[in-house]
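Source file: data.cif. Holds: mmCIF, C-alpha atoms and all ligand atoms.
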```
data_data
loop_
_atom_site.label_atom_id
_atom_site.label_comp_id
_atom_site.auth_asym_id
_atom_site.auth_seq_id
_atom_site.Cartn_x
_atom_site.Cartn_y
_atom_site.Cartn_z
CA MET A 21 4.07 -13.09 -4.92
CA ASP A 22 5.54 -15.61 -2.53
CA PRO A 23 3.40 -15.67 0.66
CA THR A 24 6.41 -15.43 2.94
CA GLN A 25 7.75 -12.45 1.00
CA LEU A 26 4.32 -10.82 1.04
CA HIS A 27 4.03 -11.40 4.78
CA ALA A 28 7.36 -9.65 5.28
CA LEU A 29 6.29 -6.73 3.10
CA ILE A 30 3.02 -6.41 5.02
CA SER A 31 4.92 -6.48 8.30
CA SER A 32 7.13 -3.64 7.02
CA ALA A 33 4.03 -1.59 6.30
CA PHE A 34 2.65 -2.17 9.80
CA LYS A 35 5.94 -1.13 11.37
CA ALA A 36 5.86 2.08 9.33
CA ARG A 37 2.24 2.70 10.32
CA ASP A 38 3.30 2.60 13.94
CA ASN A 39 5.62 5.55 13.20
CA ALA A 40 2.88 7.64 11.59
CA HIS A 41 2.77 11.31 12.51
CA ALA A 42 -1.00 11.82 12.51
CA PRO A 43 -1.82 14.05 15.49
CA TYR A 44 -4.61 15.83 13.59
CA SER A 45 -6.51 13.11 11.76
CA LYS A 46 -5.52 10.29 14.14
CA PHE A 47 -5.64 8.20 10.96
CA ARG A 48 -2.42 6.22 10.80
CA VAL A 49 -1.36 4.67 7.51
CA GLY A 50 1.62 2.56 6.55
CA ALA A 51 2.81 1.58 3.11
CA ALA A 52 5.53 -0.70 1.84
CA LEU A 53 6.94 -1.03 -1.64
CA LEU A 54 8.86 -3.97 -3.07
CA SER A 55 11.51 -2.58 -5.37
CA SER A 56 12.75 -4.33 -8.48
CA SER A 57 16.04 -4.91 -6.62
CA GLY A 58 14.16 -6.71 -3.84
CA ALA A 59 14.32 -3.95 -1.24
CA HIS A 60 11.41 -3.22 1.06
CA ILE A 61 10.80 0.50 1.32
CA ALA A 62 8.22 1.57 3.87
CA GLY A 63 6.60 4.87 4.69
CA CYS A 64 3.97 6.39 6.93
CA ASN A 65 1.74 9.41 6.68
CA VAL A 66 3.41 12.54 8.01
CA GLU A 67 0.97 15.32 8.86
CA ASN A 68 1.79 18.93 9.54
CA ALA A 69 0.17 21.79 11.47
CA SER A 70 0.01 23.44 8.05
CA TYR A 71 -2.27 20.70 6.75
CA GLY A 72 -1.29 21.01 3.10
CA ALA A 73 2.30 20.17 3.96
CA GLY A 74 1.32 16.66 4.97
CA ILE A 75 2.15 13.61 2.87
CA CYS A 76 0.58 10.17 2.56
CA ALA A 77 2.33 6.94 3.49
CA GLU A 78 2.56 5.75 -0.11
CA ARG A 79 4.29 8.90 -1.31
CA THR A 80 6.58 8.92 1.71
CA ALA A 81 7.74 5.48 0.66
CA ILE A 82 8.11 6.54 -2.97
CA VAL A 83 10.24 9.58 -2.20
CA LYS A 84 12.35 7.57 0.22
CA GLY A 85 12.93 4.90 -2.38
CA VAL A 86 13.60 7.18 -5.30
CA SER A 87 16.07 9.20 -3.25
CA GLU A 88 17.94 5.96 -2.61
CA GLY A 89 17.98 5.07 -6.30
CA GLU A 90 14.98 2.68 -6.29
CA LYS A 91 12.81 3.78 -9.19
CA GLN A 92 10.77 0.70 -10.03
CA TYR A 93 8.38 -1.20 -7.77
CA THR A 94 6.63 -4.49 -8.27
CA ALA A 95 4.27 -4.69 -5.29
CA VAL A 96 2.56 -2.23 -2.96
CA VAL A 97 1.05 -2.78 0.50
CA VAL A 98 -1.20 -0.30 2.32
CA VAL A 99 -2.27 -0.74 5.96
CA SER A 100 -4.07 1.40 8.51
CA ASP A 101 -5.95 0.97 11.79
CA VAL A 102 -9.17 0.10 9.98
CA PRO A 103 -10.14 -3.52 10.70
CA THR A 104 -11.43 -4.16 7.17
CA PRO A 105 -9.36 -4.25 3.96
CA THR A 106 -11.06 -1.15 2.60
CA ILE A 107 -8.38 1.53 2.77
CA SER A 108 -6.94 2.10 -0.68
CA PRO A 109 -4.42 4.65 -1.95
CA CYS A 110 -5.87 8.13 -2.51
CA GLY A 111 -6.02 9.59 -5.99
CA ILE A 112 -2.76 11.50 -5.75
CA CYS A 113 -0.95 8.42 -4.52
CA ARG A 114 -2.38 6.27 -7.31
CA GLN A 115 -0.93 8.72 -9.80
CA SER A 116 2.40 8.82 -7.97
CA LEU A 117 2.57 5.02 -7.98
CA ARG A 118 1.82 5.09 -11.73
CA GLU A 119 5.12 6.87 -12.27
CA PHE A 120 7.18 4.07 -10.78
CA CYS A 121 5.08 0.88 -11.03
CA PRO A 122 3.94 -1.21 -14.00
CA LEU A 123 0.16 -1.16 -14.40
CA SER A 124 0.13 -4.84 -13.47
CA THR A 125 1.59 -4.10 -10.04
CA PRO A 126 -0.50 -5.69 -7.27
CA VAL A 127 -1.68 -3.30 -4.59
CA TYR A 128 -2.47 -5.18 -1.38
CA MET A 129 -4.91 -3.43 0.95
CA VAL A 130 -4.66 -5.03 4.35
CA ALA A 131 -6.99 -4.92 7.35
CA SER A 132 -5.54 -3.99 10.72
CA THR A 133 -6.57 -7.44 11.91
CA TYR A 134 -3.91 -9.03 9.73
CA PRO A 135 -1.62 -11.07 11.94
CA ALA A 136 1.35 -8.89 11.05
CA LEU A 137 3.56 -10.10 13.80
CA ALA A 138 2.46 -13.73 13.71
CA PRO A 139 5.13 -16.33 13.05
CA ALA A 140 5.54 -17.38 9.46
CA ASP A 141 4.09 -20.80 10.28
CA GLY A 142 0.94 -19.24 11.77
CA PRO A 143 -2.49 -19.37 10.14
CA ALA A 144 -2.61 -17.98 6.63
CA PRO A 145 -4.68 -14.81 6.22
CA ALA A 146 -7.74 -14.93 4.00
CA PHE A 147 -7.25 -13.25 0.64
CA LEU A 148 -9.80 -11.74 -1.64
CA ALA A 149 -8.98 -13.02 -5.09
CA PRO A 150 -8.67 -10.59 -8.00
CA GLY A 151 -12.05 -10.18 -9.64
CA GLU A 152 -14.09 -10.83 -6.52
CA PRO A 153 -16.52 -8.02 -5.68
CA TRP A 154 -14.90 -5.31 -3.64
CA PRO A 155 -15.23 -4.04 -0.99
CA ARG A 156 -16.43 -7.05 0.93
CA THR A 157 -16.53 -6.34 4.62
CA THR A 158 -18.90 -9.02 5.77
CA ASP A 159 -16.52 -11.94 5.68
CA GLU A 160 -13.21 -12.87 7.21
CA LYS A 161 -11.00 -11.66 4.38
CA VAL A 162 -8.23 -9.43 5.59
CA VAL A 163 -6.41 -8.65 2.35
CA VAL A 164 -7.78 -7.22 -0.88
CA VAL A 165 -5.52 -7.13 -3.92
CA LEU A 166 -6.13 -5.11 -7.05
CA THR A 167 -3.72 -4.11 -9.78
CA LEU A 168 -2.65 -0.53 -10.19
CA GLU A 169 -4.53 -0.51 -13.50
CA GLN A 170 -7.74 -1.53 -11.72
CA LEU A 171 -7.25 1.31 -9.24
CA LEU A 172 -6.31 3.84 -11.93
CA PRO A 173 -7.95 2.92 -15.24
CA MET A 174 -7.11 4.79 -18.45
CA SER A 175 -4.26 6.47 -16.60
CA PHE A 176 -1.78 9.03 -17.84
CA GLY A 177 1.79 7.96 -17.32
CA PRO A 178 5.37 8.28 -18.47
CA ASP A 179 4.71 6.36 -21.68
CA ASN A 180 2.31 9.11 -22.79
CA LEU A 181 5.21 11.55 -22.97
CA THR A 182 7.62 9.45 -25.03
ZN ZN B 201 -2.41 9.35 -0.70
#
```
What do you get writing this file as structure tokens?
Amino acid sequence: MDPTQLHALISSAFKARDNAHAPYSKFRVGAALLSSSGAHIAGCNVENASYGAGICAERTAIVKGVSEGEKQYTAVVVVSDVPTPTISPCGICRQSLREFCPLSTPVYMVASTYPALAPADGPAPAFLAPGEPWPRTTDEKVVVVLTLEQLLPMSFGPDNLT
């Protein structure tokens, strides 16, 4: 993915995180999806006093996108307030992503220290290359990328029902 495009997608996720409704957990999460049409669709976690009615950032973005006619995504970004790139989609969200993303879809997990609002010509963030041990929290890497298949091996998806 083009670094400038990725930077913009990451920035969308941070902006969504800042809108999180997380009065109970205080754990804000933002997600952004790149649709096959090129749209950036972002979401945040939306908690509820009836805890089970809450929804994660990733699924907020999915339902927003699908309701607007965007049903295929080619990249996913997840951000939070955690300063290491260790927050990954929960199990339910991995399955939800599986419905609308190819297994090869990169899922970028981004530390809160990412320079989200830095100018495009600012210093490049450090990336953890696919295949490197994960999580690695002792270095300066701020982005971990894994494919959806790595996050959800041997998954059940739409192709199993055709
Ligand atoms: Zn989730």
**Asked** Between A:Thr94, A:Ala77, A:Thr106, A:Lys84, which one has atoms that come closest to ligand ZN 201 (chain B), using only C-alpha atoms and all ligand atoms?
**Response** A:Ala77
Could you list, with a cut-off of 10 Å and counting all atoms listed in the file, the residues of chain A near ligand ZN 201 (chain B), each shown with its nearest atom pair and the distance in Å rounded to one decimal, rows sorted by chain and ascending number, as a Markdown table?
```
| residue | atom | partner | partner_atom | distance |
| --- | --- | --- | --- | --- |
| A:Val49 | CA | B:ZN201 | ZN | 9.5 |
| A:Asn65 | CA | B:ZN201 | ZN | 8.5 |
| A:Gly74 | CA | B:ZN201 | ZN | 10.0 |
| A:Ile75 | CA | B:ZN201 | ZN | 7.2 |
| A:Cys76 | CA | B:ZN201 | ZN | 4.5 |
| A:Ala77 | CA | B:ZN201 | ZN | 6.8 |
| A:Glu78 | CA | B:ZN201 | ZN | 6.2 |
| A:Arg79 | CA | B:ZN201 | ZN | 6.7 |
| A:Thr80 | CA | B:ZN201 | ZN | 9.3 |
| A:Ser108 | CA | B:ZN201 | ZN | 8.5 |
| A:Pro109 | CA | B:ZN201 | ZN | 5.3 |
| A:Cys110 | CA | B:ZN201 | ZN | 4.1 |
| A:Gly111 | CA | B:ZN201 | ZN | 6.4 |
| A:Ile112 | CA | B:ZN201 | ZN | 5.5 |
| A:Cys113 | CA | B:ZN201 | ZN | 4.2 |
| A:Arg114 | CA | B:ZN201 | ZN | 7.3 |
| A:Gln115 | CA | B:ZN201 | ZN | 9.2 |
| A:Ser116 | CA | B:ZN201 | ZN | 8.7 |
| A:Leu117 | CA | B:ZN201 | ZN | 9.8 |
```
**Asked** Neighbours of Ala33 (chain A) within 10 Å (only C-alpha atoms; same-chain residues fewer than 2 positions away dropped), as a PyMOL selection string?
**Response** chain A and resi 27-31+35-38+49-53+60-64+77-78+81+96-100+130+136
**Message:** Between CA of Thr125 (chain A) and CA of Val162 (chain A), what is the distance in Å, rounded to a tenth?
**Reply:**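 Computing the Euclidean distance for CA of Thr125 (chain A) and CA of Val162 (chain A) yields 19.2 Å.
From CA of Ser45 (chain A) back to CA of Tyr71 (chain A), the distance works out to 10.0 Å.
Note that the spacing between CA of Lys161 (chain A) and CA of Leu54 (chain A) amounts to 22.6 Å.
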**Message:** Residues near Ser55 (chain A), anyone? I mean within 9 Å using only C-alpha atoms, not counting same-chain ones fewer than 4 positions away, as a PyMOL selection string.
**Reply:** chain A and resi 59-61+85+90-95
With 8 Å added on each side, what axis-aligned box encloses every listed atom of region 55-58 of chain A? Give the centre and edge lengths in Å to one decimal, as JSON.
```
{"center_x": 13.8, "center_y": -4.6, "center_z": -6.2, "size_x": 20.5, "size_y": 20.1, "size_z": 20.6}
```
Quick one: which region 40-147 of chain A residues come within 7 Å of region 164-171 of chain A, and what is the nearest atom pair for each with the distance in Å to one decimal, counting all atoms listed in the file, rows ordered by chain and ascending number, as a tab-separated table?
```
residue	atom	partner	partner_atom	distance
A:Pro105	CA	A:Val164	CA	5.9
A:Leu123	CA	A:Glu169	CA	4.8
A:Ser124	CA	A:Thr167	CA	5.4
A:Thr125	CA	A:Thr167	CA	5.3
A:Pro126	CA	A:Thr167	CA	4.4
A:Val127	CA	A:Leu166	CA	5.4
A:Tyr128	CA	A:Val165	CA	4.4
A:Met129	CA	A:Val164	CA	5.1
A:Val130	CA	A:Val164	CA	6.5
A:Phe147	CA	A:Val164	CA	6.2
```
Selected residues, C-alpha atoms, written as an mmCIF file, in the coordinates of the input, please.
```cif
data_model
loop_
_atom_site.group_PDB
_atom_site.id
_atom_site.type_symbol
_atom_site.label_atom_id
_atom_site.label_comp_id
_atom_site.auth_asym_id
_atom_site.auth_seq_id
_atom_site.Cartn_x
_atom_site.Cartn_y
_atom_site.Cartn_z
ATOM 1 C CA PRO A 105 -9.360 -4.250 3.960
ATOM 2 C CA LEU A 123 0.160 -1.160 -14.400
ATOM 3 C CA SER A 124 0.130 -4.840 -13.470
ATOM 4 C CA THR A 125 1.590 -4.100 -10.040
ATOM 5 C CA PRO A 126 -0.500 -5.690 -7.270
ATOM 6 C CA VAL A 127 -1.680 -3.300 -4.590
ATOM 7 C CA TYR A 128 -2.470 -5.180 -1.380
ATOM 8 C CA MET A 129 -4.910 -3.430 0.950
ATOM 9 C CA VAL A 130 -4.660 -5.030 4.350
ATOM 10 C CA PHE A 147 -7.250 -13.250 0.640
#
```
**Best match for closeness to His41 (chain A) among A:Asp179, A:Glu67, A:Asp22, A:Asp101, counting only C-alpha atoms** =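 Of A:Asp179, A:Glu67, A:Asp22, A:Asp101, the one nearest His41 (chain A) is A:Glu67, counting only C-alpha atoms.
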